[in-house]
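J.: Just my_file_10.cif, nothing more (mmCIF, C-alpha atoms and all ligand atoms):
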data_query
#
loop_
_atom_site.group_PDB
_atom_site.id
_atom_site.type_symbol
_atom_site.label_atom_id
_atom_site.label_comp_id
_atom_site.auth_asym_id
_atom_site.auth_seq_id
_atom_site.Cartn_x
_atom_site.Cartn_y
_atom_site.Cartn_z
ATOM 1 C CA MET A 10 -34.856 17.290 -56.104
ATOM 2 C CA GLU A 11 -32.501 18.507 -53.398
ATOM 3 C CA PHE A 12 -32.222 22.159 -52.465
ATOM 4 C CA ALA A 13 -29.544 24.259 -50.791
ATOM 5 C CA LEU A 14 -29.446 27.686 -49.219
ATOM 6 C CA LEU A 15 -26.959 30.101 -50.795
ATOM 7 C CA ASN A 16 -26.791 33.682 -49.501
ATOM 8 C CA GLY A 17 -30.420 33.763 -48.503
ATOM 9 C CA SER A 18 -31.904 32.051 -51.560
ATOM 10 C CA ILE A 19 -33.078 28.463 -51.733
ATOM 11 C CA ILE A 20 -31.882 27.041 -55.046
ATOM 12 C CA LYS A 21 -31.267 23.629 -56.616
ATOM 13 C CA ARG A 22 -28.422 22.011 -54.720
ATOM 14 C CA SER A 23 -26.677 21.162 -58.019
ATOM 15 C CA GLU A 24 -26.624 24.883 -58.809
ATOM 16 C CA ALA A 25 -25.227 26.010 -55.445
ATOM 17 C CA LYS A 26 -21.650 26.909 -56.422
ATOM 18 C CA VAL A 27 -19.072 29.259 -54.961
ATOM 19 C CA ASP A 28 -16.113 31.000 -56.587
ATOM 20 C CA VAL A 29 -12.595 29.453 -56.627
ATOM 21 C CA GLU A 30 -11.500 32.548 -54.719
ATOM 22 C CA ASP A 31 -14.010 32.042 -51.950
ATOM 23 C CA ARG A 32 -11.914 32.405 -48.802
ATOM 24 C CA GLY A 33 -13.471 29.301 -47.317
ATOM 25 C CA TYR A 34 -12.169 27.245 -50.229
ATOM 26 C CA GLN A 35 -8.704 28.801 -50.200
ATOM 27 C CA PHE A 36 -7.994 29.448 -46.534
ATOM 28 C CA GLY A 37 -10.707 27.681 -44.561
ATOM 29 C CA ASP A 38 -11.578 31.256 -43.592
ATOM 30 C CA GLY A 39 -14.992 30.609 -42.117
ATOM 31 C CA VAL A 40 -17.020 28.769 -39.497
ATOM 32 C CA TYR A 41 -19.760 26.149 -39.528
ATOM 33 C CA GLU A 42 -22.482 24.328 -37.607
ATOM 34 C CA VAL A 43 -24.236 20.978 -37.790
ATOM 35 C CA ILE A 44 -27.820 20.862 -36.505
ATOM 36 C CA ARG A 45 -29.616 17.577 -35.843
ATOM 37 C CA ILE A 46 -33.152 16.897 -37.076
ATOM 38 C CA TYR A 47 -35.382 14.339 -35.347
ATOM 39 C CA ASN A 48 -38.949 13.765 -36.581
ATOM 40 C CA GLY A 49 -38.630 16.771 -38.877
ATOM 41 C CA LYS A 50 -37.743 19.073 -35.960
ATOM 42 C CA MET A 51 -34.482 20.883 -35.265
ATOM 43 C CA PHE A 52 -32.932 19.873 -31.924
ATOM 44 C CA THR A 53 -31.267 22.651 -29.845
ATOM 45 C CA VAL A 54 -31.342 25.004 -32.832
ATOM 46 C CA ALA A 55 -31.108 28.163 -30.704
ATOM 47 C CA GLU A 56 -27.924 26.898 -29.043
ATOM 48 C CA HIS A 57 -26.343 25.993 -32.387
ATOM 49 C CA LEU A 58 -27.138 29.380 -33.906
ATOM 50 C CA LYS A 59 -25.820 31.174 -30.832
ATOM 51 C CA ARG A 60 -22.530 29.293 -31.188
ATOM 52 C CA PHE A 61 -22.525 30.009 -34.944
ATOM 53 C CA VAL A 62 -22.759 33.770 -34.271
ATOM 54 C CA LYS A 63 -20.043 33.482 -31.594
ATOM 55 C CA SER A 64 -17.685 31.514 -33.865
ATOM 56 C CA ALA A 65 -18.220 34.062 -36.669
ATOM 57 C CA GLU A 66 -17.599 36.963 -34.279
ATOM 58 C CA GLY A 67 -14.472 35.168 -33.063
ATOM 59 C CA ILE A 68 -12.906 35.590 -36.508
ATOM 60 C CA GLY A 69 -14.458 38.969 -37.308
ATOM 61 C CA ILE A 70 -17.264 37.849 -39.624
ATOM 62 C CA THR A 71 -20.622 39.571 -39.191
ATOM 63 C CA LEU A 72 -23.426 37.258 -40.241
ATOM 64 C CA PRO A 73 -25.573 38.706 -43.026
ATOM 65 C CA PHE A 74 -28.779 37.504 -41.303
ATOM 66 C CA THR A 75 -30.319 37.613 -37.853
ATOM 67 C CA THR A 76 -30.726 34.423 -35.842
ATOM 68 C CA LEU A 77 -34.482 34.588 -36.445
ATOM 69 C CA GLN A 78 -33.977 34.907 -40.213
ATOM 70 C CA LEU A 79 -31.535 32.003 -40.153
ATOM 71 C CA THR A 80 -33.945 29.819 -38.178
ATOM 72 C CA GLU A 81 -36.715 30.547 -40.675
ATOM 73 C CA MET A 82 -34.498 29.912 -43.707
ATOM 74 C CA LEU A 83 -33.208 26.619 -42.291
ATOM 75 C CA GLU A 84 -36.742 25.476 -41.569
ATOM 76 C CA GLU A 85 -37.797 26.391 -45.118
ATOM 77 C CA LEU A 86 -34.841 24.403 -46.455
ATOM 78 C CA ARG A 87 -35.709 21.427 -44.272
ATOM 79 C CA ILE A 88 -39.296 21.452 -45.526
ATOM 80 C CA LYS A 89 -38.203 21.793 -49.175
ATOM 81 C CA ASN A 90 -35.922 18.764 -48.759
ATOM 82 C CA ASN A 91 -38.520 16.922 -46.674
ATOM 83 C CA LEU A 92 -35.849 16.003 -44.127
ATOM 84 C CA GLN A 93 -37.175 13.946 -41.216
ATOM 85 C CA THR A 94 -34.019 12.424 -39.695
ATOM 86 C CA GLY A 95 -30.684 13.960 -40.524
ATOM 87 C CA ASN A 96 -28.462 17.002 -40.277
ATOM 88 C CA ILE A 97 -28.470 20.530 -41.548
ATOM 89 C CA TYR A 98 -24.933 21.633 -42.381
ATOM 90 C CA MET A 99 -24.286 25.358 -42.598
ATOM 91 C CA GLN A 100 -21.180 27.456 -43.058
ATOM 92 C CA VAL A 101 -20.242 31.067 -43.545
ATOM 93 C CA THR A 102 -16.981 32.302 -45.058
ATOM 94 C CA ARG A 103 -15.424 35.753 -45.283
ATOM 95 C CA GLY A 104 -16.546 35.824 -48.913
ATOM 96 C CA THR A 105 -14.906 36.001 -52.325
ATOM 97 C CA ALA A 106 -11.979 38.342 -52.954
ATOM 98 C CA PRO A 107 -8.587 38.301 -54.772
ATOM 99 C CA ARG A 108 -6.339 35.887 -52.876
ATOM 100 C CA ASN A 109 -4.612 37.667 -50.014
ATOM 101 C CA HIS A 110 -3.979 36.597 -46.420
ATOM 102 C CA VAL A 111 -5.103 40.053 -45.296
ATOM 103 C CA PHE A 112 -8.886 40.364 -44.886
ATOM 104 C CA PRO A 113 -10.567 42.038 -47.883
ATOM 105 C CA THR A 114 -11.513 45.678 -47.394
ATOM 106 C CA GLY A 115 -14.723 47.273 -48.595
ATOM 107 C CA ASP A 116 -18.065 45.565 -48.726
ATOM 108 C CA VAL A 117 -17.157 41.957 -49.515
ATOM 109 C CA ALA A 118 -20.207 39.911 -48.559
ATOM 110 C CA PRO A 119 -19.777 36.721 -46.534
ATOM 111 C CA THR A 120 -20.800 33.517 -48.328
ATOM 112 C CA LEU A 121 -23.446 31.586 -46.403
ATOM 113 C CA VAL A 122 -24.333 28.071 -47.468
ATOM 114 C CA ALA A 123 -26.600 25.414 -45.940
ATOM 115 C CA TYR A 124 -27.764 22.029 -47.123
ATOM 116 C CA THR A 125 -29.339 18.920 -45.603
ATOM 117 C CA ILE A 126 -28.032 15.372 -45.198
ATOM 118 C CA LYS A 127 -30.103 12.284 -44.358
ATOM 119 C CA VAL A 128 -28.455 10.569 -41.372
ATOM 120 C CA VAL A 129 -30.058 7.842 -39.283
ATOM 121 C CA ARG A 130 -29.321 7.479 -35.586
ATOM 122 C CA PRO A 131 -26.236 5.257 -35.071
ATOM 123 C CA LEU A 132 -28.195 2.759 -32.966
ATOM 124 C CA GLU A 133 -25.763 -0.149 -33.269
ATOM 125 C CA ASN A 134 -22.842 1.928 -32.003
ATOM 126 C CA LEU A 135 -25.028 3.537 -29.346
ATOM 127 C CA LYS A 136 -25.865 0.088 -28.003
ATOM 128 C CA SER A 137 -22.536 -1.707 -28.334
ATOM 129 C CA GLY A 138 -20.119 1.197 -28.000
ATOM 130 C CA VAL A 139 -17.121 2.174 -30.110
ATOM 131 C CA LYS A 140 -13.355 1.877 -30.025
ATOM 132 C CA ALA A 141 -10.950 4.802 -29.815
ATOM 133 C CA ILE A 142 -7.250 5.530 -30.046
ATOM 134 C CA LEU A 143 -5.191 8.173 -28.262
ATOM 135 C CA THR A 144 -3.343 10.846 -30.185
ATOM 136 C CA GLU A 145 -1.483 14.043 -29.311
ATOM 137 C CA ASP A 146 -3.626 17.152 -29.869
ATOM 138 C CA ILE A 147 -1.687 19.124 -32.502
ATOM 139 C CA ARG A 148 -4.403 21.701 -33.186
ATOM 140 C CA TRP A 149 -4.309 25.473 -32.704
ATOM 141 C CA LEU A 150 -5.249 27.191 -29.450
ATOM 142 C CA ARG A 151 -8.723 28.438 -30.446
ATOM 143 C CA CYS A 152 -10.560 25.120 -30.597
ATOM 144 C CA ASP A 153 -13.595 26.938 -29.136
ATOM 145 C CA ILE A 154 -14.161 28.453 -32.598
ATOM 146 C CA LYS A 155 -15.969 25.976 -34.880
ATOM 147 C CA SER A 156 -13.601 26.794 -37.717
ATOM 148 C CA LEU A 157 -13.627 25.287 -41.202
ATOM 149 C CA ASN A 158 -9.918 24.560 -40.691
ATOM 150 C CA LEU A 159 -10.169 20.942 -39.606
ATOM 151 C CA LEU A 160 -6.813 19.495 -40.678
ATOM 152 C CA GLY A 161 -5.697 18.589 -37.166
ATOM 153 C CA ASN A 162 -9.073 16.923 -36.540
ATOM 154 C CA LEU A 163 -8.967 15.118 -39.903
ATOM 155 C CA LEU A 164 -5.464 13.723 -39.358
ATOM 156 C CA ALA A 165 -6.531 12.429 -35.941
ATOM 157 C CA LYS A 166 -9.769 10.880 -37.273
ATOM 158 C CA GLN A 167 -7.970 9.256 -40.211
ATOM 159 C CA LYS A 168 -5.431 7.674 -37.845
ATOM 160 C CA ALA A 169 -8.313 6.245 -35.786
ATOM 161 C CA SER A 170 -10.067 4.976 -38.883
ATOM 162 C CA GLU A 171 -6.916 3.249 -40.159
ATOM 163 C CA GLN A 172 -6.790 1.366 -36.871
ATOM 164 C CA GLY A 173 -10.416 0.293 -37.136
ATOM 165 C CA CYS A 174 -11.532 2.824 -34.531
ATOM 166 C CA PHE A 175 -14.408 5.293 -34.471
ATOM 167 C CA GLU A 176 -12.678 8.158 -32.707
ATOM 168 C CA ALA A 177 -9.303 9.638 -31.789
ATOM 169 C CA ILE A 178 -9.154 10.945 -28.233
ATOM 170 C CA GLN A 179 -6.741 13.879 -28.228
ATOM 171 C CA HIS A 180 -4.486 14.959 -25.385
ATOM 172 C CA ARG A 181 -2.074 17.841 -24.807
ATOM 173 C CA GLY A 182 0.731 16.182 -22.898
ATOM 174 C CA GLN A 183 -0.999 14.354 -20.036
ATOM 175 C CA ASP A 184 -4.271 16.310 -20.314
ATOM 176 C CA VAL A 185 -7.170 14.854 -22.296
ATOM 177 C CA THR A 186 -8.868 17.547 -24.411
ATOM 178 C CA GLU A 187 -11.552 16.163 -26.765
ATOM 179 C CA GLY A 188 -12.187 13.789 -29.645
ATOM 180 C CA SER A 189 -11.509 14.695 -33.284
ATOM 181 C CA SER A 190 -15.240 15.396 -33.660
ATOM 182 C CA SER A 191 -16.648 14.885 -30.176
ATOM 183 C CA ASN A 192 -16.324 15.754 -26.505
ATOM 184 C CA ILE A 193 -14.984 13.108 -24.121
ATOM 185 C CA PHE A 194 -16.389 12.126 -20.719
ATOM 186 C CA ILE A 195 -15.124 9.747 -18.048
ATOM 187 C CA VAL A 196 -16.872 8.329 -14.995
ATOM 188 C CA LYS A 197 -14.703 8.198 -11.875
ATOM 189 C CA ASN A 198 -16.111 7.074 -8.487
ATOM 190 C CA GLY A 199 -19.572 7.619 -9.965
ATOM 191 C CA THR A 200 -18.823 11.215 -10.994
ATOM 192 C CA VAL A 201 -19.075 12.301 -14.629
ATOM 193 C CA ILE A 202 -16.028 14.371 -15.624
ATOM 194 C CA THR A 203 -15.426 16.310 -18.846
ATOM 195 C CA HIS A 204 -12.949 19.008 -19.898
ATOM 196 C CA GLU A 205 -13.998 22.543 -18.983
ATOM 197 C CA SER A 206 -15.206 24.621 -21.937
ATOM 198 C CA ASN A 207 -12.257 26.877 -22.690
ATOM 199 C CA HIS A 208 -10.086 27.663 -25.732
ATOM 200 C CA LEU A 209 -8.754 24.069 -25.896
ATOM 201 C CA ILE A 210 -12.047 22.399 -26.866
ATOM 202 C CA LEU A 211 -15.297 23.043 -28.675
ATOM 203 C CA LYS A 212 -18.105 23.836 -26.257
ATOM 204 C CA GLY A 213 -20.297 21.014 -27.525
ATOM 205 C CA ILE A 214 -24.035 21.608 -27.604
ATOM 206 C CA THR A 215 -24.512 17.919 -26.753
ATOM 207 C CA LYS A 216 -21.976 18.282 -23.907
ATOM 208 C CA ASP A 217 -24.033 21.126 -22.451
ATOM 209 C CA VAL A 218 -27.252 19.075 -22.759
ATOM 210 C CA ILE A 219 -25.506 16.233 -20.888
ATOM 211 C CA LEU A 220 -24.265 18.596 -18.138
ATOM 212 C CA ASP A 221 -27.831 19.854 -17.653
ATOM 213 C CA LEU A 222 -29.141 16.286 -17.568
ATOM 214 C CA CYS A 223 -26.586 15.393 -14.874
ATOM 215 C CA ASN A 224 -27.410 18.472 -12.806
ATOM 216 C CA ASN A 225 -31.159 17.912 -13.056
ATOM 217 C CA ASN A 226 -30.980 14.208 -12.215
ATOM 218 C CA ASP A 227 -28.587 14.116 -9.259
ATOM 219 C CA ILE A 228 -25.728 12.634 -11.242
ATOM 220 C CA PRO A 229 -22.502 14.116 -9.811
ATOM 221 C CA VAL A 230 -20.640 16.011 -12.539
ATOM 222 C CA GLN A 231 -17.438 18.047 -12.807
ATOM 223 C CA GLU A 232 -16.094 20.181 -15.642
ATOM 224 C CA ARG A 233 -12.334 19.980 -15.232
ATOM 225 C CA THR A 234 -9.228 18.832 -16.986
ATOM 226 C CA PHE A 235 -8.548 15.123 -16.478
ATOM 227 C CA SER A 236 -5.408 13.181 -17.232
ATOM 228 C CA LEU A 237 -4.533 10.200 -19.412
ATOM 229 C CA ALA A 238 -4.044 8.248 -16.167
ATOM 230 C CA GLU A 239 -7.611 9.067 -15.079
ATOM 231 C CA LEU A 240 -8.872 8.059 -18.511
ATOM 232 C CA ASP A 241 -6.968 4.782 -18.205
ATOM 233 C CA GLU A 242 -8.552 4.073 -14.813
ATOM 234 C CA ALA A 243 -12.067 5.272 -15.713
ATOM 235 C CA GLU A 244 -15.077 3.166 -14.772
ATOM 236 C CA GLU A 245 -16.822 4.313 -17.944
ATOM 237 C CA VAL A 246 -15.918 6.467 -20.940
ATOM 238 C CA PHE A 247 -18.310 8.027 -23.433
ATOM 239 C CA LEU A 248 -18.195 10.666 -26.128
ATOM 240 C CA SER A 249 -20.781 13.153 -27.325
ATOM 241 C CA SER A 250 -21.665 15.008 -30.505
ATOM 242 C CA THR A 251 -24.688 16.183 -32.443
ATOM 243 C CA THR A 252 -24.811 12.948 -34.446
ATOM 244 C CA ALA A 253 -23.142 10.528 -31.992
ATOM 245 C CA GLU A 254 -25.349 11.708 -29.067
ATOM 246 C CA VAL A 255 -24.154 9.848 -25.917
ATOM 247 C CA MET A 256 -21.861 7.162 -27.337
ATOM 248 C CA PRO A 257 -20.162 4.535 -25.140
ATOM 249 C CA VAL A 258 -16.409 4.083 -25.642
ATOM 250 C CA ILE A 259 -15.591 0.480 -24.833
ATOM 251 C CA GLU A 260 -11.952 0.183 -25.869
ATOM 252 C CA ILE A 261 -9.020 2.613 -25.989
ATOM 253 C CA ASN A 262 -5.708 1.707 -27.677
ATOM 254 C CA GLY A 263 -6.766 -1.960 -27.578
ATOM 255 C CA LYS A 264 -7.549 -1.933 -23.843
ATOM 256 C CA LYS A 265 -11.130 -2.635 -22.768
ATOM 257 C CA ILE A 266 -13.043 -0.073 -20.663
ATOM 258 C CA SER A 267 -15.711 -1.296 -18.219
ATOM 259 C CA ALA A 268 -15.295 -4.886 -19.426
ATOM 260 C CA GLY A 269 -15.969 -3.825 -23.011
ATOM 261 C CA VAL A 270 -19.626 -2.923 -22.582
ATOM 262 C CA SER A 271 -21.643 0.267 -22.166
ATOM 263 C CA GLY A 272 -21.657 1.267 -18.480
ATOM 264 C CA PRO A 273 -24.655 2.058 -16.226
ATOM 265 C CA ILE A 274 -24.164 5.844 -16.046
ATOM 266 C CA THR A 275 -23.636 6.016 -19.808
ATOM 267 C CA GLN A 276 -26.896 4.103 -20.312
ATOM 268 C CA LYS A 277 -28.718 6.318 -17.816
ATOM 269 C CA LEU A 278 -27.566 9.396 -19.748
ATOM 270 C CA GLN A 279 -28.548 7.811 -23.075
ATOM 271 C CA ASN A 280 -32.035 7.300 -21.661
ATOM 272 C CA LEU A 281 -32.235 10.866 -20.314
ATOM 273 C CA PHE A 282 -30.899 12.197 -23.634
ATOM 274 C CA GLU A 283 -33.597 10.359 -25.586
ATOM 275 C CA LYS A 284 -36.235 11.791 -23.235
ATOM 276 C CA GLU A 285 -34.857 15.294 -23.879
ATOM 277 C CA VAL A 286 -34.989 14.723 -27.653
ATOM 278 C CA GLU A 287 -38.573 13.488 -27.305
ATOM 279 C CA LYS A 288 -39.471 16.591 -25.276
ATOM 280 C CA GLN A 289 -38.218 18.879 -28.055
ATOM 281 C CA CYS A 290 -38.910 16.808 -31.172
ATOM 282 C CA GLY A 291 -41.599 14.247 -30.391
ATOM 283 C CA LEU A 292 -41.508 10.502 -29.803
ATOM 284 C CA LEU A 293 -38.621 8.450 -31.182
ATOM 285 C CA VAL A 294 -39.502 5.158 -32.824
ATOM 286 C CA ASP A 295 -36.227 3.340 -32.292
ATOM 287 C CA LYS A 296 -34.538 3.733 -28.956
ATOM 288 C CA VAL A 297 -31.218 2.693 -27.472
ATOM 289 C CA ILE A 298 -32.605 1.919 -24.049
HETATM 290 O O1 LIG A 301 -22.022 14.214 -37.966
HETATM 291 C C1 LIG A 301 -21.003 14.188 -37.257
HETATM 292 O O2 LIG A 301 -20.178 13.269 -37.273
HETATM 293 C C2 LIG A 301 -20.756 15.319 -36.325
HETATM 294 S S1 LIG A 301 -21.917 16.494 -36.081
HETATM 295 C C3 LIG A 301 -20.965 17.330 -34.987
HETATM 296 C C4 LIG A 301 -19.777 16.724 -34.841
HETATM 297 C C5 LIG A 301 -19.646 15.560 -35.592
HETATM 298 N N1 LIG A 301 -18.769 17.157 -34.013
HETATM 299 C C6 LIG A 301 -18.846 18.329 -33.248
HETATM 300 C C7 LIG A 301 -17.700 18.447 -32.295
HETATM 301 C C8 LIG A 301 -16.383 18.671 -32.764
HETATM 302 O O3 LIG A 301 -16.158 18.751 -34.087
HETATM 303 C C9 LIG A 301 -15.328 18.794 -31.836
HETATM 304 C C10 LIG A 301 -13.934 19.017 -32.301
HETATM 305 N N2 LIG A 301 -15.571 18.731 -30.518
HETATM 306 C C11 LIG A 301 -16.807 18.510 -30.040
HETATM 307 C C12 LIG A 301 -17.893 18.348 -30.907
HETATM 308 C C13 LIG A 301 -19.258 18.120 -30.331
HETATM 309 O O4 LIG A 301 -20.046 19.270 -30.503
HETATM 310 P P1 LIG A 301 -21.620 19.197 -30.650
HETATM 311 O O5 LIG A 301 -22.116 18.426 -29.485
HETATM 312 O O6 LIG A 301 -22.044 20.616 -30.612
HETATM 313 O O7 LIG A 301 -21.910 18.514 -31.941
#
Would you mind writing the file's structure down as structure tokens?
T.:
Amino acid sequence: MEFALLNGSIIKRSEAKVDVEDRGYQFGDGVYEVIRIYNGKMFTVAEHLKRFVKSAEGIGITLPFTTLQLTEMLEELRIKNNLQTGNIYMQVTRGTAPRNHVFPTGDVAPTLVAYTIKVVRPLENLKSGVKAILTEDIRWLRCDIKSLNLLGNLLAKQKASEQGCFEAIQHRGQDVTEGSSSNIFIVKNGTVITHESNHLILKGITKDVILDLCNNNDIPVQERTFSLAELDEAEEVFLSSTTAEVMPVIEINGKKISAGVSGPITQKLQNLFEKEVEKQCGLLVDKVI
């Protein structure tokens, strides 16, 4: 049987229901996180929970639990569901109240939900790379908040999917921002470049792991805005996310990048990323490199 966490209690997943007037359901009035599990261990859980608190604060939601309580509850949920390789999804909304754009007054409790999903590592894509399209970034200007409102991201991802592509790389005018569900990196003259973490992108936990890996392994790295022209001329392109890890991008809008194969710096970072996972979560059986 599968279990879910609802407002601090672990219950049967089939019984975890929220009200039709939950503000998450009606307005997307909430925030979320996705935490990766390798070998039954949460990877970078502290970083994810820190961002969860920050996202919630960003929209004026006070979490009903401390980070320590959350960590313990998520671990209990993971054990109950015997999850070895997969994701924990969690979200908090402003709670249930009569429909009104204005925030509810009084002591309306936030709704906090978490459940687990079995997800294997995408080894084929990690080895061969994925295709992407380009699309204008039509989202709001607080992309640093991991909001439940994902319509802009969904429309971009759907467009990519309809063209047989894995990801949509978004840009505001000539500036590349991020993927619909990932951060984007280019390699130019041997330097790794990715958008600075500001209000225009999500500060990816995987992105930050990659920046640390670059800094600790003498791989030149810059956090700065780069242009569509720089993307077009890049030696290598890769994307990052909790599930996609360090994923080579080998074609954009039908044009091959680095001869259509995963590049050397991308592969180096995949190897370093796997070592970091192994440090935190124990040995991986199947590896990219
Ligand atoms: O399972 C999946 O497909 C996942 S798990 C996390 C994501 C996708 N995406 C996170 C994300 C995002 O939604 C946007 C708009 N930008 C960047 C990222 C990468 O963030 P991290 O590395 O924290 O997952």
J.: Pick out the residues no farther than 6 Å from ligand LIG 301 (chain A), counting only C-alpha atoms and all ligand atoms, and list them as a PDB file with C-alpha atoms, keeping the file's coordinate frame.
T.:
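Result saved to selection32.pdb:
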ATOM      1  CA  VAL A  43     -24.236  20.978 -37.790  1.00  0.00           C
ATOM      2  CA  SER A 189     -11.509  14.695 -33.284  1.00  0.00           C
ATOM      3  CA  SER A 190     -15.240  15.396 -33.660  1.00  0.00           C
ATOM      4  CA  SER A 191     -16.648  14.885 -30.176  1.00  0.00           C
ATOM      5  CA  ASN A 192     -16.324  15.754 -26.505  1.00  0.00           C
ATOM      6  CA  LEU A 211     -15.297  23.043 -28.675  1.00  0.00           C
ATOM      7  CA  GLY A 213     -20.297  21.014 -27.525  1.00  0.00           C
ATOM      8  CA  ILE A 214     -24.035  21.608 -27.604  1.00  0.00           C
ATOM      9  CA  THR A 215     -24.512  17.919 -26.753  1.00  0.00           C
ATOM     10  CA  LYS A 216     -21.976  18.282 -23.907  1.00  0.00           C
ATOM     11  CA  SER A 249     -20.781  13.153 -27.325  1.00  0.00           C
ATOM     12  CA  SER A 250     -21.665  15.008 -30.505  1.00  0.00           C
ATOM     13  CA  THR A 251     -24.688  16.183 -32.443  1.00  0.00           C
ATOM     14  CA  THR A 252     -24.811  12.948 -34.446  1.00  0.00           C
TER      15      THR A 252
END
J.: If you measure from CA of Lys140 (chain A) to CA of Ser271 (chain A), what distance in Å do you get, rounded to one decimal?
T.: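 Interatomic distance, CA of Lys140 (chain A) to CA of Ser271 (chain A): 11.5 Å.
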J.: Which distance in Å separates CA of Leu132 (chain A) and CA of Ile298 (chain A), to one decimal?
T.: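 Computing it gives 10.0 Å between the two atoms.
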J.: Of the residues A:Gln35, A:Thr75, A:Ser156, A:Asn90, which is the one nearest to Ala106 (chain A), using all atoms listed in the file?
T.: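 Of all the options, A:Gln35 lies closest to Ala106 (chain A).
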J.: Counting all atoms listed in the file, which residue out of A:Leu86, A:Leu293, A:Ile147, A:Ala141 sits closest to Cys174 (chain A)?
T.: A:Ala141
J.: For the atom pair CA of Thr120 (chain A) and CA of Gln93 (chain A), what is the interatomic distance in Å to one decimal place?
T.: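 Rounded to one decimal, the two atoms are 26.5 Å apart.
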J.: Would you mind telling me which residue in A:Glu244, A:Leu150, A:Leu220, A:Gln179 lies nearest to Ile195 (chain A) when using all atoms listed in the file?
T.: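 Using all atoms listed in the file, the shortest distance to Ile195 (chain A) belongs to A:Glu244.
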J.: Expand the PyMOL selection byres (((chain A and resi 58) around 12) and not hetatm) into the explicit residue set it covers here, and present it as number ranges by chain.
T.: A: 40-44, 51-57, 59-65, 72, 74-81, 83, 97-101, 155, 214
J.: Given the PyMOL selection byres (((chain A and resi 110) around 10) and not hetatm) and the file above, list the residues it selects as JSON, numbers by chain.
T.: {"A": [32, 35, 36, 38, 107, 108, 109, 111, 112, 113]}
J.: Identify which of the residues A:Asp146, A:Asp227, A:Glu171, A:Asp28 lies closest to Lys277 (chain A), counting only C-alpha atoms when measuring atom-to-atom distances.
T.: A:Asp227
J.: Selection in question (the file shown): the PyMOL selection byres (((chain A and resi 183) around 8) and not hetatm). Which residues does it include, as a list of chain:residue names?
T.: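 With the PyMOL selection byres (((chain A and resi 183) around 8) and not hetatm) on this model, the match is A:His180, A:Arg181, A:Gly182, A:Asp184, A:Val185, A:Ser236, A:Leu237, A:Ala238.
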J.: Filtering to C-alpha atoms, could you give me those residues as a tab-separated table (two decimals), in the frame of the given file?
T.:
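Saved as selection_17.tsv:
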chain	number	residue	atom	x	y	z
A	180	HIS	CA	-4.49	14.96	-25.38
A	181	ARG	CA	-2.07	17.84	-24.81
A	182	GLY	CA	0.73	16.18	-22.90
A	184	ASP	CA	-4.27	16.31	-20.31
A	185	VAL	CA	-7.17	14.85	-22.30
A	236	SER	CA	-5.41	13.18	-17.23
A	237	LEU	CA	-4.53	10.20	-19.41
A	238	ALA	CA	-4.04	8.25	-16.17
J.: What box, with edges along x, y and z, holds each listed atom of region 257-276 of chain A when 5 Å is added on every side, and can you state its centre and edge lengths in Å to one decimal, as JSON?
T.:
{"center_x": -16.3, "center_y": 0.6, "center_z": -21.9, "size_x": 31.2, "size_y": 20.9, "size_z": 21.6}
J.: Using all atoms listed in the file, can you tell me which of A:Thr105, A:Thr125, A:Asn48, A:Asn16 comes closest to Pro73 (chain A)?
T.: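 Closest residue, counting all atoms listed in the file: A:Asn16.
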J.: Do a neighbour search on Gly188 (chain A) at 12 Å with all atoms listed in the file, toss out local chain neighbours closer than 4 positions, and write the hits as a count of residues only.
T.: 40
J.: May I ask which of the residues A:Arg103, A:Lys50, A:Lys89, A:Lys288 is the closest one to Asp116 (chain A), counting only C-alpha atoms?
T.: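 Residue with the minimum atom-to-atom distance to Asp116 (chain A): A:Arg103.
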J.: Identify, on the basis of all atoms listed in the file, every residue whose closest approach to Ser23 (chain A) does not exceed 10 Å; exclude the query and any residue fewer than 4 positions from it along the same chain; express the result as a ChimeraX atom specification.
T.: /A:10-13
J.: Show which residues sit within 7 Å of region 267-269 of chain A, as a PyMOL selection string. Count only C-alpha atoms, and ignore same-chain residues fewer than 2 positions away.
T.: chain A and resi 244-245+259-260+265+272
